[in-house]
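Since the structure comes first, as structure tokens, the remarks are kept for the end.
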Amino acid sequence: MRLNDKPRKVIRRGVHCAPQKIIGKGVAHIGVTGAEAVDRLLREYIDDFIYYLQVEKGLAANTVVSYRFDLLSYAVFLKESGSRGLQGLTRESLLEHLLRMKEGKKSPATMARAIVALKSFCAYLAAEKLLDKDPALNLDSPKLAQYYPHVLTQEQMERLLQQPDLSTPIGKRDRAMLEVLYASGLRVSELLGLAFTDVNLELGYLSCIGKGGKERVTPLGRAAIEAAEDYLRYGRPALLKGKSSNFIFLNGRKSGKMTRQGCWKFIRAYGKGMGLEITPHTMRHSVATHLLENGADLR
């Protein structure tokens with residue numbers, strides 16, 4: 001049930017849908033100061049939009065949570081400005097909110113994501129005839145070209161792949177993760193979700209569920225296969241510490257699934273050792289660039 005006392009039917013593209021709980025994450029969990037910080041009616045519209053993204057558009061959970069955070073942040077801004085419902089959702093308020101974000105030193109990537117979320121939300125409301133016109137129409141995004149992650153040269157990528165200490169189980173794991181990321185171009189969430197049933201090293205491929213719940217099969221090169229085999233044979237058993245897990249890549253402490261934060265942390269650390277700022281996004285953009293330079297046979 002939503003914040004009002006009675007459930008209300010929501011019309012999505014002419015289809016009557018019963019209210020449903022949207023994402024099992026509290027508002028405070030994603031950084032907004034509680035449910036009462038936003039107008040009740042506006043939050044209902046946001047929840048309806050999130051439902052639409054999840055069920056009809058099939059967006060990834062991480063993307064949906066990010067959109068919800070951005071929209072609730074805007075809703076907090078509107079309530080602080082004294083607006084109720086959709087009355088305050090104007091082009092002027094959108095620009096003022098974005099200006100506040102810029103003054104708050106938000107990164108260009110964060111700003112761009114917020115703009116995408118706000119434009120999508122406004123387009124949805126206009127399509128549902130809840131707004132007479134789309135206030136975010138032609139709302140300019142920041143010039144993202146200059147903010148794309150730095151692309152590593154092939155020489156830099158080779159240096160990065162050589163950073164892990166292969167005399168340790170952690171080093172073998174890190175090397176395997178880096179090689180698989182470079183060979184496949186997987187997102188971090190896809191890499192960390194890999195189980196034994198998803199990987200066939202003998203035939204040299206892996207399968208994963210990507211955005212929209214679609215399965216895709218990705219070939220692995222020789223270097224990635226060899227690094228994965230070395231990790232599975234000599235590194236993973238030491239990290240497992242006698243326990244069991246279906247996930248391939250484990251953390252070094254509790255023998256559980258490797259976390260996104262852990263993956264970002266070790267990649268940044270190896271990059272720092274090279275004097276570079278490297279993230280998983282950097283690697284993914286580098287993969288695309290190297291594919292264009294070398295064709296499909298990456299490694």
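By order of appearance in the structure tokens: chains A, B, ..., then residues from 1 within every chain, and ligands from 1 in the order shown.
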Surrounding residues of A:Tyr45 excluding itself and chain neighbours under 3 positions, 10 Å, only C-alpha atoms, as a PDB file with N, CA and C atoms, in the first residue's frame:
ATOM      1  N   VAL A  10      -3.840   2.583 -10.693  1.00  0.00           N
ATOM      2  CA  VAL A  10      -2.950   3.386 -11.511  1.00  0.00           C
ATOM      3  C   VAL A  10      -3.169   3.008 -12.959  1.00  0.00           C
ATOM      4  N   ARG A  40       3.286  13.667  -0.604  1.00  0.00           N
ATOM      5  CA  ARG A  40       2.703  12.334  -0.709  1.00  0.00           C
ATOM      6  C   ARG A  40       2.252  12.000  -2.122  1.00  0.00           C
ATOM      7  N   LEU A  41       1.542  12.921  -2.760  1.00  0.00           N
ATOM      8  CA  LEU A  41       1.022  12.660  -4.094  1.00  0.00           C
ATOM      9  C   LEU A  41       2.157  12.538  -5.108  1.00  0.00           C
ATOM     10  N   LEU A  42       3.142  13.411  -5.001  1.00  0.00           N
ATOM     11  CA  LEU A  42       4.264  13.343  -5.930  1.00  0.00           C
ATOM     12  C   LEU A  42       5.028  12.036  -5.765  1.00  0.00           C
ATOM     13  N   ASP A  48       4.782   5.115  -9.234  1.00  0.00           N
ATOM     14  CA  ASP A  48       4.157   4.595 -10.456  1.00  0.00           C
ATOM     15  C   ASP A  48       5.173   4.524 -11.591  1.00  0.00           C
ATOM     16  N   PHE A  49       5.973   5.570 -11.706  1.00  0.00           N
ATOM     17  CA  PHE A  49       6.995   5.617 -12.758  1.00  0.00           C
ATOM     18  C   PHE A  49       8.039   4.526 -12.557  1.00  0.00           C
ATOM     19  N   ILE A  50       8.447   4.306 -11.313  1.00  0.00           N
ATOM     20  CA  ILE A  50       9.428   3.263 -11.011  1.00  0.00           C
ATOM     21  C   ILE A  50       8.856   1.889 -11.364  1.00  0.00           C
ATOM     22  N   TYR A  51       7.580   1.686 -11.060  1.00  0.00           N
ATOM     23  CA  TYR A  51       6.913   0.437 -11.435  1.00  0.00           C
ATOM     24  C   TYR A  51       6.966   0.248 -12.954  1.00  0.00           C
ATOM     25  N   GLY A  85       2.045  18.256  -4.921  1.00  0.00           N
ATOM     26  CA  GLY A  85       1.682  17.503  -6.105  1.00  0.00           C
ATOM     27  C   GLY A  85       2.594  17.827  -7.274  1.00  0.00           C
ATOM     28  N   LEU A  86       1.967  18.017  -8.441  1.00  0.00           N
ATOM     29  CA  LEU A  86       2.739  18.317  -9.645  1.00  0.00           C
ATOM     30  C   LEU A  86       2.793  19.817  -9.951  1.00  0.00           C
ATOM     31  N   PHE A 121      11.017  10.981 -16.418  1.00  0.00           N
ATOM     32  CA  PHE A 121       9.849  11.101 -15.545  1.00  0.00           C
ATOM     33  C   PHE A 121       8.841  12.081 -16.132  1.00  0.00           C
ATOM     34  N   TYR A 124       7.111  10.676 -19.129  1.00  0.00           N
ATOM     35  CA  TYR A 124       6.121   9.678 -18.694  1.00  0.00           C
ATOM     36  C   TYR A 124       4.830  10.377 -18.245  1.00  0.00           C
ATOM     37  N   LEU A 125       4.969  11.419 -17.423  1.00  0.00           N
ATOM     38  CA  LEU A 125       3.793  12.137 -16.913  1.00  0.00           C
ATOM     39  C   LEU A 125       3.021  12.795 -18.059  1.00  0.00           C
ATOM     40  N   LEU A 130      -0.902  13.516 -17.396  1.00  0.00           N
ATOM     41  CA  LEU A 130      -0.890  14.084 -16.050  1.00  0.00           C
ATOM     42  C   LEU A 130      -0.282  15.482 -16.053  1.00  0.00           C
TER      43      LEU A 130
END
Distance table requested - stretch 138-192 of chain A against stretch 269-272 of chain A, cut-off 12 Å, only C-alpha atoms: one row per qualifying residue with the closest atom pair and its distance in Å to one decimal, ordered by chain and rising residue number, as a tab-separated table.
residue	atom	partner	partner_atom	distance
A:His150	CA	A:Gly271	CA	11.8
A:Leu152	CA	A:Gly271	CA	10.6
A:Gln156	CA	A:Gly271	CA	9.6
A:Met157	CA	A:Gly271	CA	10.0
A:Glu158	CA	A:Gly271	CA	11.9
A:Arg159	CA	A:Gly271	CA	9.5
A:Leu160	CA	A:Tyr270	CA	6.8
A:Leu161	CA	A:Tyr270	CA	9.1
A:Gln162	CA	A:Tyr270	CA	9.5
A:Gln163	CA	A:Tyr270	CA	6.2
A:Pro164	CA	A:Tyr270	CA	7.7
A:Asp165	CA	A:Tyr270	CA	10.7
A:Gly171	CA	A:Tyr270	CA	11.0
A:Asp174	CA	A:Tyr270	CA	9.9
A:Arg175	CA	A:Tyr270	CA	10.8
A:Leu178	CA	A:Tyr270	CA	10.6
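Computed from the coordinates, the atom CA of A:Ala117 to atom CA of A:Leu71 distance equals 6.8 Å.
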The residue from A:Arg100, A:Phe69, A:Leu59, A:Glu92 with the smallest atom-to-atom distance to A:Asp47, counting only C-alpha atoms, is A:Phe69
What lies within 10 Å of A:Gly82 using only C-alpha atoms, ignoring chain neighbours under 6 positions off, as a PyMOL selection string? chain A and resi 39+76+88
Could you write those residues out with all heavy atoms, as a PDB file, in the first residue's frame?
ATOM      1  N   ASP A  39       6.390  15.286  -0.901  1.00  0.00           N
ATOM      2  CA  ASP A  39       4.941  15.374  -1.002  1.00  0.00           C
ATOM      3  C   ASP A  39       4.359  14.000  -1.300  1.00  0.00           C
ATOM      4  O   ASP A  39       4.865  13.266  -2.160  1.00  0.00           O
ATOM      5  CB  ASP A  39       4.581  16.355  -2.124  1.00  0.00           C
ATOM      6  CG  ASP A  39       3.094  16.453  -2.347  1.00  0.00           C
ATOM      7  OD1 ASP A  39       2.421  17.137  -1.565  1.00  0.00           O
ATOM      8  OD2 ASP A  39       2.613  15.829  -3.320  1.00  0.00           O
ATOM      9  N   VAL A  76      12.176  16.247  -2.754  1.00  0.00           N
ATOM     10  CA  VAL A  76      12.540  16.916  -1.503  1.00  0.00           C
ATOM     11  C   VAL A  76      12.736  18.409  -1.758  1.00  0.00           C
ATOM     12  O   VAL A  76      12.266  19.264  -0.995  1.00  0.00           O
ATOM     13  CB  VAL A  76      13.824  16.299  -0.906  1.00  0.00           C
ATOM     14  CG1 VAL A  76      14.356  17.152   0.253  1.00  0.00           C
ATOM     15  CG2 VAL A  76      13.551  14.881  -0.410  1.00  0.00           C
ATOM     16  N   GLY A  88       4.514  22.222  -8.721  1.00  0.00           N
ATOM     17  CA  GLY A  88       5.838  22.834  -8.786  1.00  0.00           C
ATOM     18  C   GLY A  88       6.738  22.237  -9.847  1.00  0.00           C
ATOM     19  O   GLY A  88       7.899  22.675 -10.000  1.00  0.00           O
TER      20      GLY A  88
END
Can you pull out the residues contacting A:Ser81? Cut-off 12 Å, using only C-alpha atoms, and skip same-chain residues under 2 positions away; I want them as a PyMOL selection string. chain A and resi 37-39+74-79+83-84+87-89+93+96-97
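Neighbouring residues of A:Glu179 at 7 Å or closer, counting only C-alpha atoms and skipping chain neighbours under 5 positions away, are A:Leu161, A:Ala223, A:Ala224, A:Ala227.
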Which of stretch 216-279 of chain A end up as alpha helix (DSSP H) when DSSP is run on this backbone - answer as a ChimeraX atom specification? /A:222-230,236-240,260-273
Store the residues picked out above, limited to N, CA, C and O atoms, as a compact mmCIF listing (two decimals), in the first residue's frame.
# COMPACT_ATOMS: atom_id res chain seq x y z
N ARG A 222 42.26 -16.56 -24.87
CA ARG A 222 43.18 -17.49 -24.21
C ARG A 222 43.67 -16.97 -22.87
O ARG A 222 43.71 -17.70 -21.89
N ALA A 223 44.05 -15.68 -22.81
CA ALA A 223 44.59 -15.13 -21.57
C ALA A 223 43.56 -15.17 -20.44
O ALA A 223 43.89 -15.49 -19.28
N ALA A 224 42.30 -14.86 -20.76
CA ALA A 224 41.25 -14.87 -19.74
C ALA A 224 40.98 -16.30 -19.26
O ALA A 224 40.78 -16.53 -18.06
N ILE A 225 40.98 -17.25 -20.18
CA ILE A 225 40.75 -18.64 -19.81
C ILE A 225 41.86 -19.15 -18.89
O ILE A 225 41.60 -19.78 -17.86
N GLU A 226 43.10 -18.86 -19.25
CA GLU A 226 44.23 -19.32 -18.44
C GLU A 226 44.23 -18.68 -17.06
O GLU A 226 44.50 -19.35 -16.05
N ALA A 227 43.91 -17.40 -16.98
CA ALA A 227 43.87 -16.72 -15.68
C ALA A 227 42.74 -17.28 -14.81
O ALA A 227 42.91 -17.47 -13.60
N ALA A 228 41.59 -17.56 -15.43
CA ALA A 228 40.47 -18.12 -14.69
C ALA A 228 40.79 -19.52 -14.19
O ALA A 228 40.47 -19.88 -13.05
N GLU A 229 41.42 -20.32 -15.04
CA GLU A 229 41.78 -21.68 -14.63
C GLU A 229 42.78 -21.66 -13.47
O GLU A 229 42.66 -22.45 -12.53
N ASP A 230 43.75 -20.77 -13.54
CA ASP A 230 44.74 -20.65 -12.47
C ASP A 230 44.08 -20.25 -11.16
O ASP A 230 44.38 -20.80 -10.09
N ARG A 236 41.01 -19.85 -5.66
CA ARG A 236 39.68 -19.90 -5.07
C ARG A 236 39.58 -20.86 -3.89
O ARG A 236 38.93 -20.50 -2.89
N PRO A 237 40.18 -22.05 -3.93
CA PRO A 237 40.08 -22.94 -2.77
C PRO A 237 40.60 -22.30 -1.48
O PRO A 237 40.05 -22.52 -0.40
N ALA A 238 41.66 -21.49 -1.60
CA ALA A 238 42.20 -20.83 -0.41
C ALA A 238 41.25 -19.77 0.11
O ALA A 238 41.13 -19.57 1.33
N LEU A 239 40.56 -19.07 -0.80
CA LEU A 239 39.60 -18.05 -0.38
C LEU A 239 38.33 -18.68 0.17
O LEU A 239 37.65 -18.10 1.01
N LEU A 240 38.00 -19.86 -0.31
CA LEU A 240 36.78 -20.55 0.12
C LEU A 240 36.86 -21.00 1.57
O LEU A 240 35.85 -21.06 2.27
N ARG A 260 30.66 -5.24 -5.19
CA ARG A 260 30.97 -4.18 -6.15
C ARG A 260 32.00 -3.22 -5.57
O ARG A 260 32.94 -2.81 -6.26
N GLN A 261 31.81 -2.88 -4.28
CA GLN A 261 32.75 -1.96 -3.65
C GLN A 261 34.16 -2.54 -3.62
O GLN A 261 35.13 -1.83 -3.85
N GLY A 262 34.24 -3.84 -3.33
CA GLY A 262 35.53 -4.50 -3.29
C GLY A 262 36.21 -4.50 -4.65
O GLY A 262 37.43 -4.29 -4.76
N CYS A 263 35.43 -4.72 -5.70
CA CYS A 263 35.97 -4.73 -7.05
C CYS A 263 36.48 -3.35 -7.44
O CYS A 263 37.59 -3.20 -7.97
N TRP A 264 35.67 -2.32 -7.19
CA TRP A 264 36.10 -0.96 -7.49
C TRP A 264 37.38 -0.63 -6.72
O TRP A 264 38.29 0.01 -7.25
N LYS A 265 37.43 -1.06 -5.46
CA LYS A 265 38.56 -0.71 -4.61
C LYS A 265 39.87 -1.27 -5.14
O LYS A 265 40.88 -0.57 -5.23
N PHE A 266 39.88 -2.55 -5.54
CA PHE A 266 41.16 -3.12 -5.97
C PHE A 266 41.58 -2.60 -7.35
O PHE A 266 42.77 -2.44 -7.64
N ILE A 267 40.59 -2.31 -8.22
CA ILE A 267 40.94 -1.76 -9.52
C ILE A 267 41.52 -0.36 -9.37
O ILE A 267 42.53 -0.01 -10.00
N ARG A 268 40.92 0.44 -8.50
CA ARG A 268 41.46 1.78 -8.23
C ARG A 268 42.87 1.69 -7.65
O ARG A 268 43.75 2.48 -7.98
N ALA A 269 43.07 0.72 -6.75
CA ALA A 269 44.39 0.57 -6.11
C ALA A 269 45.46 0.22 -7.14
O ALA A 269 46.56 0.79 -7.12
N TYR A 270 45.14 -0.70 -8.05
CA TYR A 270 46.12 -1.06 -9.08
C TYR A 270 46.39 0.13 -10.01
O TYR A 270 47.53 0.36 -10.44
N GLY A 271 45.32 0.89 -10.31
CA GLY A 271 45.51 2.07 -11.14
C GLY A 271 46.39 3.11 -10.46
O GLY A 271 47.25 3.72 -11.09
N LYS A 272 46.17 3.28 -9.16
CA LYS A 272 46.97 4.23 -8.40
C LYS A 272 48.44 3.84 -8.44
O LYS A 272 49.33 4.70 -8.50
N GLY A 273 48.70 2.53 -8.39
CA GLY A 273 50.07 2.06 -8.46
C GLY A 273 50.73 2.37 -9.79
O GLY A 273 51.96 2.40 -9.89
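The interatomic distance for the pair atom CA of A:His281 and atom CA of A:Leu139 works out to 25.9 Å.
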Using DSSP on the backbone, list every residue of stretch 206-261 of chain A that comes out as strand (DSSP E or B), and give them as a list of chain:residue names. A:Leu206, A:Ser207, A:Cys208, A:Ile209, A:Glu215, A:Arg216, A:Val217, A:Thr218, A:Pro219, A:Phe247, A:Leu250, A:Lys257
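Minimum distance to A:Leu131 across A:Thr90, A:Gln154, A:Thr110, A:Thr279 (counting only C-alpha atoms) occurs at A:Thr90.
If you count only C-alpha atoms and ignore residues fewer than 4 places along the chain from A:Lys102, what sits within 12 Å of it is Leu95, Glu96, His97, Leu98, Lys106, Ser107, Pro108, Ala109, Thr110, Met111, Ala112, Ala114, Ile115 and Pro142 of chain A.
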Point-to-point distance from atom CA of A:His290 to atom CA of A:Arg187, Å rounded to tenths: 16.5 Å
At a cut-off of 8 Å, using only C-alpha atoms, what residues contact A:Thr218? Leave out same-chain residues fewer than 4 positions from it and give the result as a count of residues only. 4
